[in-house]
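Have a look at the structure below before the remarks.
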Amino acid sequence: MKNKKTLSNWLTTKYLLIVRNEENLSERSPFSFTYAKLLVFSFALMTVMLILSLFLSRTILSQWFDPRSATLEANKKLLQLTLQIDSLSYEAERKQMFINTFKSILQEDFEGIDSVEANNPQILNRGLNPREDELLPIDSLIRREFEEAGEEYLGLNRQYNQELQEVFFFSPITGIVSGPFDLSEEHYGIDIVAKSDEPVKSIADGSVIMADWTQDSGYVIAIQHRNNLISVYKHNAALLKKVGTFVSAGEIIAIIGNTGELTTGPHLHFEIWYNGTPVNPEDFVSF
């Protein structure tokens with residue numbers, strides 16, 4: 001009576017697979033195996049194929065056949081564009097706030113005069129070419145207010161000089177001052193002539209509040225420092241910092257140039273504003 005094979009015997013029985021040459025029956029590559037090894041190998045192969053199929057279905061195949069994949073990609077791009085638009089809107093608002101602040105500073109002294117002229121019909125009805133020796137009462141009032149404002153400004157300027165003398169400022173550029181500070185000519189800074197492509201540096205630590213192109217002054221960069229101090233650098237050839245960037249004292253922020261309509265040659269127009277009032281940079285910075 002023959003012995004029946006059990007499952008363990010069937011799995012562990014060794015078999016030899018021999019590959020022979022058809023012409024001369026020579027052995028090529030004999031291979032020994034058991035059904036247990038064959039089952040393990042088949043299970044491992046199926047597991048790998050399953051994992052690979054899942055991976056492909058989540059990546060490449062989903063892009064080819066799943067319509068939701070295109071929708072997800074479109075939503076991602078839409079979200080990125082929305083964030084970029086929000087960022088640009090925020091930067092535009094900040095720049096507009098800066099421009100409005102400067103406009104209010106420059107026009108603050110003239111609002112009172114405009115209101116007086118609008119309420120005085122004698123000025124509105126005056127001819128375009130009045131006699132030089134003919135002064136209306138409002139003219140005397142304006143002249144007196146202007147002189148008093150000048151004296152007040154000189155007093156404030158002396159006070160600012162004392163406060164700013166205690167602060168150390170880096171020189172923005174080394175050169176020759178070709179245009180001095182002159183309020184009577186509405187020249188609120190100084191012009192400095194230097195070598196071509198000379199780097200422009202920040203006079204102190206601060207944050208960039210403006211870095212843009214203007215028709216009159218070309219490439220302009222302005223930095224907000226501590227104690228309500230703002231430094232402005234105009235007519236640059238290139239700007240190296242963006243709005244919101246923090247810069248250290250002496251850090252390069254621009255390259256000297258000749259941009260804008262209000263320039264006649266390569267130079268740097270440099271301004272210092274303290275508490276909304278322009279001050280003479282030569283009183284505090286050595287060039």
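Identifiers in the structure tokens: chain A, B, ... in order shown; residue index from 1 per chain; ligand index from 1 in order shown.
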
Would you kindly return, as JSON, numbers by chain, each protein, DNA or RNA residue with an atom no farther than 12 Å from any atom of A:Ser202, considering only C-alpha atoms and excluding same-chain residues fewer than 5 positions away?
{"A": [169, 170, 171, 172, 173, 207, 208, 221, 222, 223, 224, 225, 230, 231, 232, 233, 240, 241, 246, 247, 248, 249, 250, 251, 252, 253, 254, 255, 270, 271, 272, 285]}

Separating atom CA of A:Asn227 from atom CA of A:Phe284, to the nearest tenth of an Å, is a gap of 15.2 Å

message = If we count only C-alpha atoms and set the cut-off at 10 Å, which residues sit around A:Arg28, ignoring sequence neighbours fewer than 4 positions away in its own chain? Please answer as a list in words.
response = Ile18, Val19, Arg20 and Asn21 of chain A

Original post:
What does the distance from atom CA of A:Asn280 to atom CA of A:His187 come to in Å, to one decimal?
Top reply: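 Atom CA of A:Asn280 sits 10.1 Å away from atom CA of A:His187.
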
Report task. Find the spatial neighbours of A:Thr263, counting only C-alpha atoms, within a cut-off of 10 Å - ignore same-chain residues fewer than 6 positions away - and output them as JSON, numbers by chain. Result -> {"A": [191, 216, 217, 218, 234, 235, 257, 269]}

Give me a file of those residues, with N, CA and C atoms, as an mmCIF file, in the first residue's frame.
```cif
data_model
loop_
_atom_site.group_PDB
_atom_site.id
_atom_site.type_symbol
_atom_site.label_atom_id
_atom_site.label_comp_id
_atom_site.auth_asym_id
_atom_site.auth_seq_id
_atom_site.Cartn_x
_atom_site.Cartn_y
_atom_site.Cartn_z
ATOM 1 N N ASP A 191 22.543 116.841 -3.385
ATOM 2 C CA ASP A 191 22.976 116.064 -4.539
ATOM 3 C C ASP A 191 24.446 115.714 -4.366
ATOM 4 N N ASP A 216 9.741 111.661 -12.080
ATOM 5 C CA ASP A 216 10.687 112.754 -11.828
ATOM 6 C C ASP A 216 12.016 112.265 -11.265
ATOM 7 N N SER A 217 11.965 111.311 -10.340
ATOM 8 C CA SER A 217 13.171 110.934 -9.593
ATOM 9 C C SER A 217 13.731 109.573 -9.979
ATOM 10 N N GLY A 218 13.171 108.919 -10.997
ATOM 11 C CA GLY A 218 13.692 107.622 -11.418
ATOM 12 C C GLY A 218 13.471 106.557 -10.363
ATOM 13 N N LYS A 234 17.374 108.943 -4.300
ATOM 14 C CA LYS A 234 16.726 109.102 -5.599
ATOM 15 C C LYS A 234 17.729 109.023 -6.753
ATOM 16 N N HIS A 235 17.177 108.853 -7.985
ATOM 17 C CA HIS A 235 17.915 108.827 -9.252
ATOM 18 C C HIS A 235 18.866 107.633 -9.344
ATOM 19 N N GLY A 257 22.910 106.330 -10.126
ATOM 20 C CA GLY A 257 22.532 106.399 -11.535
ATOM 21 C C GLY A 257 22.123 107.790 -11.965
ATOM 22 N N HIS A 269 20.549 111.878 -5.140
ATOM 23 C CA HIS A 269 19.806 112.886 -4.376
ATOM 24 C C HIS A 269 19.397 112.226 -3.064
#
```
